[in-house]
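Printed here is protein_24.txt (compact mmCIF, C-alpha atoms and all ligand atoms):
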```
# COMPACT_ATOMS: atom_id res chain seq x y z
CA MET Q 1 14.50 13.17 -2.97
CA SER Q 2 13.49 10.03 -1.21
CA THR Q 3 11.27 7.51 -2.90
CA THR Q 4 7.53 7.56 -2.53
CA VAL Q 5 5.51 4.74 -1.02
CA VAL Q 6 1.73 4.57 -0.96
CA SER Q 7 -0.59 2.18 0.78
CA GLY Q 8 -4.15 2.02 2.00
CA MET Q 9 -6.27 0.05 4.41
CA ARG Q 10 -10.02 -0.47 4.19
CA PRO Q 11 -12.03 0.63 7.23
CA THR Q 12 -14.16 -2.47 7.65
CA GLY Q 13 -13.77 -2.97 11.40
CA ARG Q 14 -11.20 -2.72 14.12
CA LEU Q 15 -7.65 -3.80 13.46
CA HIS Q 16 -6.13 -6.98 14.88
CA LEU Q 17 -2.63 -8.19 15.69
CA GLY Q 18 -2.26 -9.49 12.15
CA HIS Q 19 -2.56 -5.93 10.85
CA TYR Q 20 0.03 -4.83 13.37
CA HIS Q 21 2.66 -7.47 12.70
CA GLY Q 22 1.87 -7.99 9.04
CA VAL Q 23 1.36 -4.41 7.88
CA LEU Q 24 1.76 -1.59 10.37
CA LYS Q 25 5.21 -2.50 11.67
CA ASN Q 26 6.37 -2.38 8.11
CA TRP Q 27 4.74 1.02 7.61
CA LEU Q 28 6.47 2.30 10.74
CA ARG Q 29 9.79 1.50 9.15
CA LEU Q 30 8.78 3.00 5.81
CA GLN Q 31 7.69 6.31 7.31
CA GLU Q 32 11.27 6.79 8.56
CA GLU Q 33 12.93 6.18 5.22
CA HIS Q 34 10.50 7.30 2.54
CA ASP Q 35 8.05 9.88 1.44
CA ALA Q 36 5.07 7.85 2.68
CA PHE Q 37 1.36 8.28 1.96
CA PHE Q 38 -0.98 6.11 4.02
CA PHE Q 39 -4.71 6.46 3.70
CA VAL Q 40 -7.92 4.98 5.03
CA ALA Q 41 -9.56 3.55 1.93
CA ASP Q 42 -13.17 4.43 2.68
CA LEU Q 43 -14.17 4.44 -0.99
CA HIS Q 44 -12.83 0.93 -1.30
CA ALA Q 45 -14.84 -0.09 1.74
CA LEU Q 46 -17.93 1.15 -0.07
CA THR Q 47 -17.33 -1.17 -3.01
CA THR Q 48 -18.33 -4.10 -0.79
CA HIS Q 49 -20.32 -2.33 1.96
CA TYR Q 50 -22.40 0.15 -0.02
CA GLU Q 51 -25.58 -1.31 1.42
CA HIS Q 52 -24.30 -0.92 4.97
CA PRO Q 53 -22.58 2.44 5.24
CA GLU Q 54 -23.26 2.76 9.00
CA GLY Q 55 -19.98 1.23 10.12
CA ILE Q 56 -17.75 2.94 7.60
CA ARG Q 57 -17.59 6.35 9.22
CA SER Q 58 -16.82 5.02 12.70
CA SER Q 59 -14.34 2.46 11.39
CA THR Q 60 -12.55 5.19 9.48
CA TRP Q 61 -11.80 7.02 12.72
CA GLU Q 62 -11.01 3.79 14.59
CA VAL Q 63 -8.41 2.92 11.99
CA LEU Q 64 -6.85 6.36 12.19
CA ILE Q 65 -6.75 6.14 15.99
CA GLU Q 66 -5.08 2.76 15.82
CA TRP Q 67 -2.51 3.94 13.31
CA LEU Q 68 -1.55 6.80 15.59
CA ALA Q 69 -1.55 4.50 18.60
CA VAL Q 70 1.02 2.17 17.06
CA GLY Q 71 3.25 5.11 16.17
CA LEU Q 72 2.43 6.27 12.68
CA ASP Q 73 3.37 9.91 12.81
CA PRO Q 74 1.66 12.68 10.82
CA ASN Q 75 4.94 14.61 10.90
CA LYS Q 76 6.69 11.79 9.11
CA ALA Q 77 4.05 10.28 6.84
CA THR Q 78 1.06 11.82 5.10
CA LEU Q 79 -1.95 10.22 6.80
CA PHE Q 80 -5.34 10.86 5.25
CA ILE Q 81 -8.81 9.64 4.37
CA GLN Q 82 -9.23 8.67 0.73
CA SER Q 83 -12.57 10.38 0.11
CA TRP Q 84 -11.19 13.67 1.43
CA VAL Q 85 -8.98 13.80 -1.65
CA PRO Q 86 -11.47 13.80 -4.55
CA GLN Q 87 -8.62 13.45 -7.04
CA HIS Q 88 -8.73 9.69 -6.28
CA ALA Q 89 -12.25 9.50 -7.69
CA GLU Q 90 -11.42 11.69 -10.66
CA LEU Q 91 -8.34 9.74 -11.70
CA ALA Q 92 -10.25 6.48 -11.26
CA LEU Q 93 -12.89 7.80 -13.66
CA LEU Q 94 -10.30 8.86 -16.22
CA LEU Q 95 -8.38 5.58 -15.95
CA GLY Q 96 -11.68 3.81 -16.46
CA MET Q 97 -11.75 5.16 -20.01
CA LEU Q 98 -8.75 3.02 -20.93
CA THR Q 99 -9.21 0.06 -18.60
CA PRO Q 100 -10.14 -3.05 -20.58
CA LEU Q 101 -13.05 -4.93 -19.05
CA SER Q 102 -11.19 -8.19 -19.54
CA TRP Q 103 -8.42 -7.05 -17.16
CA LEU Q 104 -10.94 -6.42 -14.42
CA GLU Q 105 -12.92 -9.58 -15.00
CA ARG Q 106 -9.90 -11.82 -14.76
CA VAL Q 107 -8.75 -10.56 -11.31
CA PRO Q 108 -9.05 -13.60 -9.04
CA THR Q 109 -10.54 -11.65 -6.12
CA PHE Q 110 -13.38 -10.40 -8.31
CA LYS Q 111 -15.03 -13.81 -8.73
CA ASP Q 112 -13.81 -15.18 -5.38
CA GLN Q 113 -15.26 -12.35 -3.34
CA GLN Q 114 -18.51 -12.44 -5.26
CA GLU Q 115 -18.81 -16.09 -4.28
CA GLN Q 116 -17.62 -15.68 -0.71
CA LEU Q 117 -19.83 -12.71 0.05
CA ARG Q 118 -22.99 -14.22 -1.37
CA ASP Q 119 -25.21 -12.19 0.94
CA ARG Q 120 -24.18 -9.02 -0.92
CA ASP Q 121 -24.83 -8.06 -4.47
CA LEU Q 122 -21.36 -7.47 -5.84
CA ALA Q 123 -22.30 -7.52 -9.49
CA THR Q 124 -21.70 -3.78 -9.55
CA TYR Q 125 -19.69 -1.34 -11.61
CA GLY Q 126 -17.97 -0.06 -8.45
CA PHE Q 127 -16.81 -3.47 -7.31
CA LEU Q 128 -15.63 -4.44 -10.78
CA GLY Q 129 -13.71 -1.17 -10.89
CA TYR Q 130 -11.93 -1.79 -7.56
CA PRO Q 131 -8.53 -2.24 -9.25
CA ALA Q 132 -8.93 0.96 -11.28
CA LEU Q 133 -9.64 2.93 -8.12
CA MET Q 134 -6.68 1.29 -6.41
CA SER Q 135 -4.51 2.15 -9.41
CA ALA Q 136 -5.58 5.76 -9.12
CA ASP Q 137 -4.62 5.74 -5.41
CA ILE Q 138 -1.11 4.72 -6.35
CA LEU Q 139 -0.51 6.57 -9.61
CA LEU Q 140 -1.65 9.91 -8.18
CA TYR Q 141 1.48 10.08 -6.03
CA ASP Q 142 4.05 8.73 -8.53
CA ALA Q 143 4.66 5.92 -6.04
CA GLU Q 144 7.67 3.74 -6.70
CA TRP Q 145 6.79 1.24 -3.99
CA VAL Q 146 3.52 -0.15 -2.71
CA PRO Q 147 3.69 -2.25 0.44
CA VAL Q 148 0.97 -4.89 0.14
CA GLY Q 149 0.21 -8.45 1.08
CA ALA Q 150 0.32 -11.28 -1.43
CA ASP Q 151 -3.47 -11.04 -1.88
CA GLN Q 152 -3.07 -7.62 -3.50
CA VAL Q 153 -0.46 -8.54 -6.08
CA ALA Q 154 -3.03 -9.08 -8.85
CA HIS Q 155 -4.40 -5.60 -8.23
CA LEU Q 156 -0.95 -4.11 -8.36
CA GLU Q 157 -0.26 -5.89 -11.62
CA ILE Q 158 -3.28 -4.14 -13.12
CA CYS Q 159 -1.97 -0.84 -11.82
CA ARG Q 160 1.35 -1.44 -13.56
CA GLU Q 161 -0.36 -2.44 -16.78
CA LEU Q 162 -2.60 0.60 -16.63
CA ALA Q 163 0.38 2.92 -16.14
CA ARG Q 164 2.04 1.35 -19.16
CA ARG Q 165 -1.12 1.52 -21.24
CA PHE Q 166 -1.61 5.14 -20.25
CA ASN Q 167 1.96 6.06 -21.11
CA SER Q 168 1.83 4.30 -24.43
CA LEU Q 169 -1.42 6.04 -25.33
CA TYR Q 170 -0.49 9.48 -24.12
CA GLY Q 171 3.23 9.47 -23.46
CA ARG Q 172 6.29 8.06 -25.15
CA SER Q 173 6.62 4.36 -25.89
CA ALA Q 174 9.45 2.18 -24.62
CA ALA Q 175 10.64 1.85 -28.23
CA ASP Q 176 10.84 5.64 -28.60
CA GLU Q 177 12.62 5.84 -25.29
CA ALA Q 178 15.19 3.34 -26.57
CA ALA Q 179 15.55 5.23 -29.86
CA ILE Q 180 16.32 8.40 -27.91
CA THR Q 181 19.01 6.68 -25.88
CA ALA Q 182 20.51 5.19 -29.02
CA GLY Q 183 20.32 8.53 -30.81
CA LEU Q 184 22.18 10.29 -28.02
CA GLN Q 185 24.79 7.59 -28.15
CA ALA Q 186 25.20 8.01 -31.89
CA LEU Q 187 25.83 11.73 -31.45
CA GLY Q 188 29.14 11.00 -29.81
CA LYS Q 189 30.32 12.13 -26.44
CA LYS Q 190 30.87 15.82 -27.17
CA ARG Q 191 27.62 16.43 -29.03
CA LYS Q 192 25.69 14.43 -26.46
CA GLN Q 193 26.97 16.64 -23.68
CA GLU Q 194 26.18 19.73 -25.69
CA PHE Q 195 22.66 18.40 -26.30
CA GLN Q 196 22.15 17.80 -22.59
CA ARG Q 197 23.34 21.30 -21.77
CA LEU Q 198 20.85 22.75 -24.26
CA GLN Q 199 18.10 20.57 -22.84
CA GLU Q 200 18.82 21.88 -19.37
CA ARG Q 201 18.94 25.44 -20.63
CA TYR Q 202 15.56 25.13 -22.32
CA GLN Q 203 13.81 23.25 -19.51
CA GLN Q 204 15.12 25.54 -16.80
CA SER Q 205 14.81 28.94 -18.42
CA GLY Q 206 12.53 28.33 -21.40
CA ASP Q 207 15.22 29.76 -23.67
CA GLU Q 208 13.88 29.11 -27.21
CA SER Q 209 17.27 29.67 -28.81
CA ALA Q 210 18.38 26.40 -27.17
CA ILE Q 211 15.93 24.54 -29.40
CA ALA Q 212 17.21 26.26 -32.53
CA THR Q 213 20.81 25.53 -31.62
CA ALA Q 214 19.98 21.90 -30.91
CA ARG Q 215 18.16 21.59 -34.24
CA GLU Q 216 21.21 22.88 -36.11
CA MET Q 217 23.46 20.55 -34.22
CA LEU Q 218 21.27 17.55 -35.05
CA GLN Q 219 21.19 18.55 -38.76
CA GLU Q 220 24.98 18.55 -38.84
CA ALA Q 221 25.17 15.17 -37.17
CA GLY Q 222 24.46 13.28 -40.38
CA SER Q 223 24.18 9.84 -38.82
CA LEU Q 224 20.64 10.31 -37.42
CA ASN Q 225 17.41 9.67 -39.28
CA GLU Q 226 14.58 12.19 -39.25
CA ALA Q 227 12.39 10.22 -36.82
CA THR Q 228 15.15 10.11 -34.23
CA LYS Q 229 15.85 13.82 -34.64
CA THR Q 230 12.19 14.58 -34.03
CA LEU Q 231 12.17 12.39 -30.94
CA LEU Q 232 15.32 14.04 -29.61
CA LEU Q 233 13.90 17.51 -30.09
CA ALA Q 234 10.69 16.51 -28.32
CA ALA Q 235 12.76 15.12 -25.48
CA LEU Q 236 14.68 18.37 -25.32
CA GLU Q 237 11.42 20.20 -24.81
CA GLY Q 238 10.37 17.70 -22.16
CA LYS Q 239 7.45 16.53 -24.29
CA GLY Q 240 6.05 13.04 -24.37
CA ARG Q 241 7.91 11.54 -21.47
CA SER Q 242 6.18 8.92 -19.43
CA ILE Q 243 3.38 10.51 -17.50
CA LEU Q 244 2.52 7.90 -14.92
CA VAL Q 245 5.12 6.05 -12.89
CA GLU Q 246 4.95 2.27 -12.90
CA PRO Q 247 5.07 1.14 -9.26
CA GLN Q 248 6.43 -2.03 -7.72
CA ALA Q 249 4.99 -4.24 -5.01
CA LEU Q 250 6.88 -4.25 -1.75
CA LEU Q 251 5.85 -7.61 -0.39
CA THR Q 252 5.59 -7.84 3.36
CA GLU Q 253 7.41 -11.00 4.44
CA ALA Q 254 5.66 -11.14 7.80
CA ALA Q 255 2.31 -10.93 6.03
CA LYS Q 256 1.31 -14.30 7.42
CA MET Q 257 0.76 -13.57 11.08
CA PRO Q 258 -0.64 -16.79 12.53
CA GLY Q 259 -4.06 -16.75 14.13
CA LEU Q 260 -5.47 -18.73 17.04
CA ASP Q 261 -6.02 -21.83 14.91
CA GLY Q 262 -2.71 -21.80 13.02
CA ARG Q 263 -4.24 -20.31 9.87
CA LYS Q 264 -3.43 -16.74 8.86
CA MET Q 265 -4.98 -14.30 11.31
CA SER Q 266 -8.13 -12.86 9.78
CA LYS Q 267 -11.36 -11.42 11.03
CA SER Q 268 -13.33 -13.64 8.68
CA TYR Q 269 -11.75 -16.82 10.10
CA GLY Q 270 -12.74 -15.78 13.63
CA ASN Q 271 -9.17 -16.51 14.77
CA ALA Q 272 -8.03 -12.96 15.49
CA ILE Q 273 -7.01 -10.99 18.55
CA GLY Q 274 -7.94 -7.33 18.43
CA LEU Q 275 -5.13 -4.79 18.51
CA ARG Q 276 -6.63 -3.28 21.64
CA GLU Q 277 -8.75 -6.13 22.88
CA GLU Q 278 -9.38 -6.25 26.64
CA PRO Q 279 -6.68 -8.19 28.54
CA GLU Q 280 -9.16 -10.64 30.05
CA SER Q 281 -10.51 -11.55 26.67
CA VAL Q 282 -7.00 -11.91 25.21
CA ARG Q 283 -5.99 -14.17 28.08
CA LYS Q 284 -9.03 -16.33 27.61
CA LYS Q 285 -8.57 -16.66 23.87
CA LEU Q 286 -4.92 -17.67 24.21
CA LEU Q 287 -5.45 -20.06 27.11
CA THR Q 288 -8.21 -21.91 25.26
CA MET Q 289 -6.29 -22.21 22.00
CA PRO Q 290 -5.97 -25.73 20.61
CA THR Q 291 -2.57 -27.36 21.13
CA ASP Q 292 -0.75 -30.40 19.78
CA PRO Q 293 -3.50 -33.07 19.90
CA LYS Q 294 -0.92 -35.60 21.14
CA ARG Q 295 -0.72 -33.77 24.46
CA VAL Q 296 -3.92 -35.27 25.77
CA GLY Q 297 -2.72 -35.12 29.35
CA ARG Q 298 -0.12 -33.07 31.15
CA ARG Q 299 2.35 -35.99 31.07
CA ASP Q 300 2.10 -36.62 27.32
CA PRO Q 301 5.01 -35.13 25.37
CA GLY Q 302 4.18 -32.98 22.36
CA ASN Q 303 5.81 -31.36 19.39
CA PRO Q 304 5.66 -27.58 18.93
CA GLU Q 305 5.64 -28.06 15.16
CA ASP Q 306 2.15 -29.56 15.49
CA CYS Q 307 0.82 -26.80 17.72
CA PRO Q 308 -0.70 -23.45 16.70
CA VAL Q 309 0.72 -21.84 19.87
CA TRP Q 310 4.24 -22.32 18.54
CA PRO Q 311 4.09 -19.94 15.55
CA LEU Q 312 2.77 -17.27 17.88
CA HIS Q 313 5.68 -17.86 20.25
CA GLN Q 314 7.98 -17.43 17.28
CA VAL Q 315 6.52 -13.99 16.67
CA TYR Q 316 6.61 -12.91 20.29
CA SER Q 317 9.29 -14.74 22.28
CA PHE Q 318 13.03 -14.44 22.74
CA PRO Q 319 15.25 -17.37 21.66
CA GLU Q 320 15.64 -18.50 25.30
CA THR Q 321 11.90 -18.85 25.67
CA LEU Q 322 11.66 -20.67 22.35
CA ALA Q 323 14.33 -23.12 23.53
CA TRP Q 324 12.44 -23.53 26.82
CA VAL Q 325 9.22 -24.35 24.94
CA GLN Q 326 10.93 -26.72 22.55
CA ALA Q 327 12.64 -28.68 25.33
CA GLY Q 328 9.75 -28.53 27.78
CA CYS Q 329 7.09 -29.54 25.30
CA THR Q 330 8.92 -32.54 23.84
CA SER Q 331 9.88 -33.82 27.31
CA ALA Q 332 6.52 -32.94 28.91
CA GLU Q 333 8.40 -30.95 31.54
CA ILE Q 334 6.19 -27.95 31.00
CA GLY Q 335 2.44 -27.94 30.66
CA CYS Q 336 0.53 -26.17 27.92
CA VAL Q 337 -0.77 -23.66 30.44
CA ASP Q 338 2.82 -22.68 31.41
CA CYS Q 339 3.69 -22.40 27.76
CA LYS Q 340 0.66 -20.28 26.91
CA GLN Q 341 1.06 -18.13 30.00
CA ALA Q 342 4.47 -17.00 28.76
CA LEU Q 343 2.84 -15.98 25.50
CA VAL Q 344 -0.03 -14.18 27.23
CA GLU Q 345 2.47 -12.00 29.10
CA LYS Q 346 4.19 -11.01 25.88
CA VAL Q 347 1.02 -10.20 23.99
CA LEU Q 348 -0.40 -8.15 26.85
CA ALA Q 349 2.86 -6.26 27.27
CA GLU Q 350 2.79 -5.35 23.61
CA GLN Q 351 -0.83 -4.22 23.69
CA ALA Q 352 -0.79 -2.18 26.91
CA PRO Q 353 0.93 0.96 25.57
CA ILE Q 354 -0.99 0.76 22.29
CA ARG Q 355 -4.27 0.56 24.17
CA ALA Q 356 -3.31 3.50 26.36
CA ARG Q 357 -2.29 5.69 23.43
CA ALA Q 358 -5.43 4.77 21.51
CA GLU Q 359 -7.53 5.93 24.44
CA GLU Q 360 -5.68 9.23 24.48
CA TRP Q 361 -6.30 9.76 20.78
CA ALA Q 362 -9.92 8.71 21.02
CA ALA Q 363 -10.43 11.44 23.60
CA GLN Q 364 -9.28 14.12 21.12
CA PRO Q 365 -11.65 14.00 18.14
CA GLU Q 366 -10.84 17.59 17.18
CA ARG Q 367 -7.14 16.84 16.97
CA LEU Q 368 -7.88 13.75 14.86
CA ARG Q 369 -9.90 15.82 12.40
CA GLU Q 370 -7.06 18.30 12.21
CA ILE Q 371 -4.57 15.56 11.41
CA ALA Q 372 -6.86 14.12 8.75
CA ALA Q 373 -7.42 17.57 7.25
CA GLN Q 374 -3.73 18.40 7.13
CA GLY Q 375 -2.93 15.04 5.58
CA ALA Q 376 -5.65 15.47 2.97
CA SER Q 377 -4.43 18.91 2.08
CA LYS Q 378 -0.87 17.69 1.52
CA ALA Q 379 -2.16 14.73 -0.48
CA ARG Q 380 -4.43 16.95 -2.59
CA ALA Q 381 -1.59 19.26 -3.56
CA ARG Q 382 0.52 16.36 -4.73
CA ALA Q 383 -2.36 14.54 -6.44
CA GLU Q 384 -3.44 17.67 -8.28
CA GLU Q 385 -0.05 17.94 -10.00
CA THR Q 386 -0.51 14.49 -11.47
CA LEU Q 387 -4.08 15.16 -12.47
CA LEU Q 388 -3.07 18.32 -14.32
CA ARG Q 389 -0.70 16.25 -16.43
CA VAL Q 390 -3.36 13.59 -16.93
CA ARG Q 391 -6.18 15.96 -17.86
CA THR Q 392 -3.89 17.77 -20.29
CA VAL Q 393 -2.72 14.71 -22.21
CA MET Q 394 -6.26 13.32 -22.25
CA GLY Q 395 -7.48 16.33 -24.14
CA LEU Q 396 -9.38 18.03 -21.36
CA ASP Q 397 -9.12 21.80 -21.35
CA VAL Q 398 -7.48 22.68 -18.08
CA GLY Q 399 -7.76 26.40 -18.71
N1 LIG C 1 -7.01 -3.12 -1.65
C1 LIG C 1 -6.20 -2.95 -0.47
C2 LIG C 1 -6.58 -4.02 0.56
O1 LIG C 1 -7.67 -4.52 0.54
C3 LIG C 1 -6.38 -1.59 0.14
C4 LIG C 1 -5.94 -0.51 -0.80
C5 LIG C 1 -6.74 0.40 -1.43
C6 LIG C 1 -4.60 -0.23 -1.19
N2 LIG C 1 -5.99 1.23 -2.20
C7 LIG C 1 -4.68 0.87 -2.07
C8 LIG C 1 -3.37 -0.79 -0.89
C9 LIG C 1 -3.54 1.41 -2.68
C10 LIG C 1 -2.22 -0.26 -1.49
C11 LIG C 1 -2.32 0.83 -2.37
O2 LIG C 1 -5.74 -4.34 1.37
FE1 LIG C 2 1.83 -26.29 22.23
FE2 LIG C 2 3.28 -25.21 24.16
FE3 LIG C 2 1.56 -27.20 24.68
FE4 LIG C 2 3.77 -27.70 23.32
S1 LIG C 2 3.66 -27.01 25.42
S2 LIG C 2 1.71 -28.41 22.81
S3 LIG C 2 4.00 -25.82 22.14
S4 LIG C 2 1.08 -25.17 23.99
```

Turn the structure described in the file into structure tokens.
Amino acid sequence: MSTTVVSGMRPTGRLHLGHYHGVLKNWLRLQEEHDAFFFVADLHALTTHYEHPEGIRSSTWEVLIEWLAVGLDPNKATLFIQSWVPQHAELALLLGMLTPLSWLERVPTFKDQQEQLRDRDLATYGFLGYPALMSADILLYDAEWVPVGADQVAHLEICRELARRFNSLYGRSAADEAAITAGLQALGKKRKQEFQRLQERYQQSGDESAIATAREMLQEAGSLNEATKTLLLAALEGKGRSILVEPQALLTEAAKMPGLDGRKMSKSYGNAIGLREEPESVRKKLLTMPTDPKRVGRRDPGNPEDCPVWPLHQVYSFPETLAWVQAGCTSAEIGCVDCKQALVEKVLAEQAPIRARAEEWAAQPERLREIAAQGASKARARAEETLLRVRTVMGLDVG
């Protein structure tokens, strides 16, 4: 079976080119190679926008439209809306029982965001619990990989720590795991194989006699202590294994898509170009971008390294164009308008089909709902399997 990847995006406005180059292109690749779950994190949007829910519903659909427009495919990846899968909320609640407050309080974004978003009251339980909810998102699907930007690494670290804490509370510890491996080794090759055959027999057909046979075999193998024998028998029955899978961050290298001012493209910096922004507006934004300050006049040579247009060219242009910019800029043979015009063409050419497909999707709200419902139903089935394990080991009576 292919490996599972999970990622989410908060619906807090329309997407921009940074989302496309930094995140979505990566997701497009992942949906081909993995069992991918991508969701619109509307509950996460509420942690910061609970006082202004108006935009969340419309942004949720905008995001889904834009995902489909860039080529995310509901036949390849499971696309869904977080709140449509209530298991996210339930696992977050249960994880909350074992999440130390100190872990949450020390996340850098917790204090930073509280300070940056001073107009909102973020001294809330929900906002503090952001990483626990995000952990639930990931752990529900036994995800091995989580594609995220560098800003999310601290959250992912909490997720990993929570999985470990959960497993050590309710599953088997790493030390026990090692003792089992060592115990199997000590049995010798023949007995080890016999043990594994019995394990398979019991786990596949529930044949109780396999346990009895294994117990006898372990008694005869004098070299093992009682604790190891007990662990081996539990392993044979499939008891006490790790319950939650510890995921790994899959860092997006292109996460730093440059914006109009050379800083990372971000809505909050006001330096972004919308994924389906009108061509006239795109043209205007690019043509009025700042350039190398040394190019005061058309005849003054410049240096692309000192110009925010250059990193955008590096994202968009072929090597020949890059060479043309490099030579033309430093010799003042080309003007900044020529240089930017070449970029405008590239950006518009990239956006045109995306804009067209987005319009097609936007005209089919029923179809969108259907896609979201199908995605949620697939996600629910998978999430429910994990929750059954979790409820059981946490002492809840699952009937
Ligand atoms: N916190 C992420 C962000 O702001 C969004 C997110 C929510 C997420 N749940 C997730 C990302 C689970 C990866 C996995 O970008
Ligand atoms: Fe920037 Fe291009 Fe002008 Fe050089 S020619 S300063 S790279 S816009």

Can you report as JSON the centre and edge lengths in Å, to one decimal, of an axis-aligned box around the listed atoms of ligand LIG 2 (chain C) padded with 3 Å on each side?
```
{"center_x": 2.5, "center_y": -26.8, "center_z": 23.8, "size_x": 8.9, "size_y": 9.2, "size_z": 9.3}
```

Next on the checklist: Taking only C-alpha atoms and all ligand atoms into account, list the residues no farther than 12 Å from ligand LIG 2 (chain C), as a PyMOL selection string.
Outcome noted: chain Q and resi 260-262+286-314+321-344

Next on the checklist: So that I can see what lies close to Ile56 of chain Q, please list as a PyMOL selection string the residues with an atom at most 12 Å from it, counting all atoms listed in the file and leaving out residues fewer than 4 positions away in the same chain.
Outcome noted: chain Q and resi 10-14+40-52+60-63+81+83

With C-alpha atoms retained, could you export that selection as a short mmCIF file (atom, residue, chain, number, x, y, z; two decimals), in the frame of the given file?
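Full text of out_13.cif as output:
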```cif
data_model
loop_
_atom_site.label_atom_id
_atom_site.label_comp_id
_atom_site.auth_asym_id
_atom_site.auth_seq_id
_atom_site.Cartn_x
_atom_site.Cartn_y
_atom_site.Cartn_z
CA ARG Q 10 -10.02 -0.47 4.19
CA PRO Q 11 -12.03 0.63 7.23
CA THR Q 12 -14.16 -2.47 7.65
CA GLY Q 13 -13.77 -2.97 11.40
CA ARG Q 14 -11.20 -2.72 14.12
CA VAL Q 40 -7.92 4.98 5.03
CA ALA Q 41 -9.56 3.55 1.93
CA ASP Q 42 -13.17 4.43 2.68
CA LEU Q 43 -14.17 4.44 -0.99
CA HIS Q 44 -12.83 0.93 -1.30
CA ALA Q 45 -14.84 -0.09 1.74
CA LEU Q 46 -17.93 1.15 -0.07
CA THR Q 47 -17.33 -1.17 -3.01
CA THR Q 48 -18.33 -4.10 -0.79
CA HIS Q 49 -20.32 -2.33 1.96
CA TYR Q 50 -22.40 0.15 -0.02
CA GLU Q 51 -25.58 -1.31 1.42
CA HIS Q 52 -24.30 -0.92 4.97
CA THR Q 60 -12.55 5.19 9.48
CA TRP Q 61 -11.80 7.02 12.72
CA GLU Q 62 -11.01 3.79 14.59
CA VAL Q 63 -8.41 2.92 11.99
CA ILE Q 81 -8.81 9.64 4.37
CA SER Q 83 -12.57 10.38 0.11
#
```

Next on the checklist: Give me, as a count of residues only, the set of residues whose atoms come within 7 Å of any atom of ligand LIG 1 (chain C), counting all atoms listed in the file.
Outcome noted: 15

Checklist entry - Residues at most 10 Å from Pro131 of chain Q, counting all atoms listed in the file, excluding those fewer than 5 positions away in the same chain, as a ChimeraX atom specification? => result /Q:44,92,96,99,103-104,107,110,126,136-137,152,154-159,162

Checklist entry - Which residues, written as a list in words, have at least one atom at most 10 Å from Leu250 of chain Q, with all atoms listed in the file counted and residues fewer than 3 positions away on the same chain left out? => result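 So, after excluding close chain neighbours, the residues are Val5, Glu144, Trp145, Val146, Pro147, Val148, Gly149, Ala150, Val153, Pro247 and Glu253 of chain Q.
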
Next on the checklist: Would you compute the distance between atom CA of Asn167 of chain Q and atom CA of Leu93 of chain Q? Give it in Å to one decimal.
Outcome noted: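 Between atom CA of Asn167 of chain Q and atom CA of Leu93 of chain Q the gap works out to 16.7 Å.
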
Checklist entry - Looking at all atoms listed in the file, which of Q:Met217, Q:Arg160, Q:Ala175, Q:Arg263 is the one that sits closest to Lys192 of chain Q? => result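 The answer is Q:Met217, which sits nearest to Lys192 of chain Q.
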
Item to check | Long-range neighbours of His34 of chain Q as a PyMOL selection string, 7 Å cut-off, all atoms listed in the file, 6 positions minimum in chain | outcome: chain Q and resi 2-5

Those residues with C-alpha atoms, as an mmCIF file, keeping the file's coordinate frame please?
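Writing done, so here's part-v1.cif:
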```cif
data_model
loop_
_atom_site.group_PDB
_atom_site.id
_atom_site.type_symbol
_atom_site.label_atom_id
_atom_site.label_comp_id
_atom_site.auth_asym_id
_atom_site.auth_seq_id
_atom_site.Cartn_x
_atom_site.Cartn_y
_atom_site.Cartn_z
ATOM 1 C CA SER Q 2 13.490 10.030 -1.210
ATOM 2 C CA THR Q 3 11.270 7.510 -2.900
ATOM 3 C CA THR Q 4 7.530 7.560 -2.530
ATOM 4 C CA VAL Q 5 5.510 4.740 -1.020
#
```

Item to check | One-decimal distance in Å that lies between atom CA of Ala182 of chain Q and atom CA of Thr213 of chain Q | outcome: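 Computing the Euclidean distance for atom CA of Thr213 of chain Q and atom CA of Ala182 of chain Q yields 20.5 Å.
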
Write out, as a tab-separated table, each residue of segment 54-80 of chain Q that has an atom at most 10 Å from segment 268-283 of chain Q, together with the closest pair of atoms and their distance in Å to one decimal, counting only C-alpha atoms, rows going by chain and rising number.
```
residue	atom	partner	partner_atom	distance
Q:Glu66	CA	Q:Leu275	CA	8.0
Q:Ala69	CA	Q:Arg276	CA	9.8
Q:Val70	CA	Q:Leu275	CA	9.4
```

Next on the checklist: When you look at Arg382 of chain Q with a cut-off of 12 Å (counting all atoms listed in the file), what residues show up, excluding the ones that are within fewer than 6 positions of it in the same chain? I need them as a VMD selection string.
Outcome noted: chain Q and resid 4 35 37 78 85 87 to 88 137 to 143 375 to 376 388 to 389

Checklist entry - Which residue out of Q:Lys25, Q:Arg164, Q:Arg57, Q:Lys76 has the minimum interatomic distance to Arg241 of chain Q when only C-alpha atoms are used? => result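 Closest candidate: Q:Arg164.
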
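Taking atom CA of Lys190 of chain Q as the reference point, atom CA of Ser205 of chain Q is found at 22.5 Å.
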
Next on the checklist: When you count all atoms listed in the file, which of these residues is closest to Asp176 of chain Q: Q:Gln219, Q:Ser317, Q:Thr230, Q:Gln199?
Outcome noted: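 Once distances to Asp176 of chain Q are computed over all atoms listed in the file, the minimum belongs to Q:Thr230.
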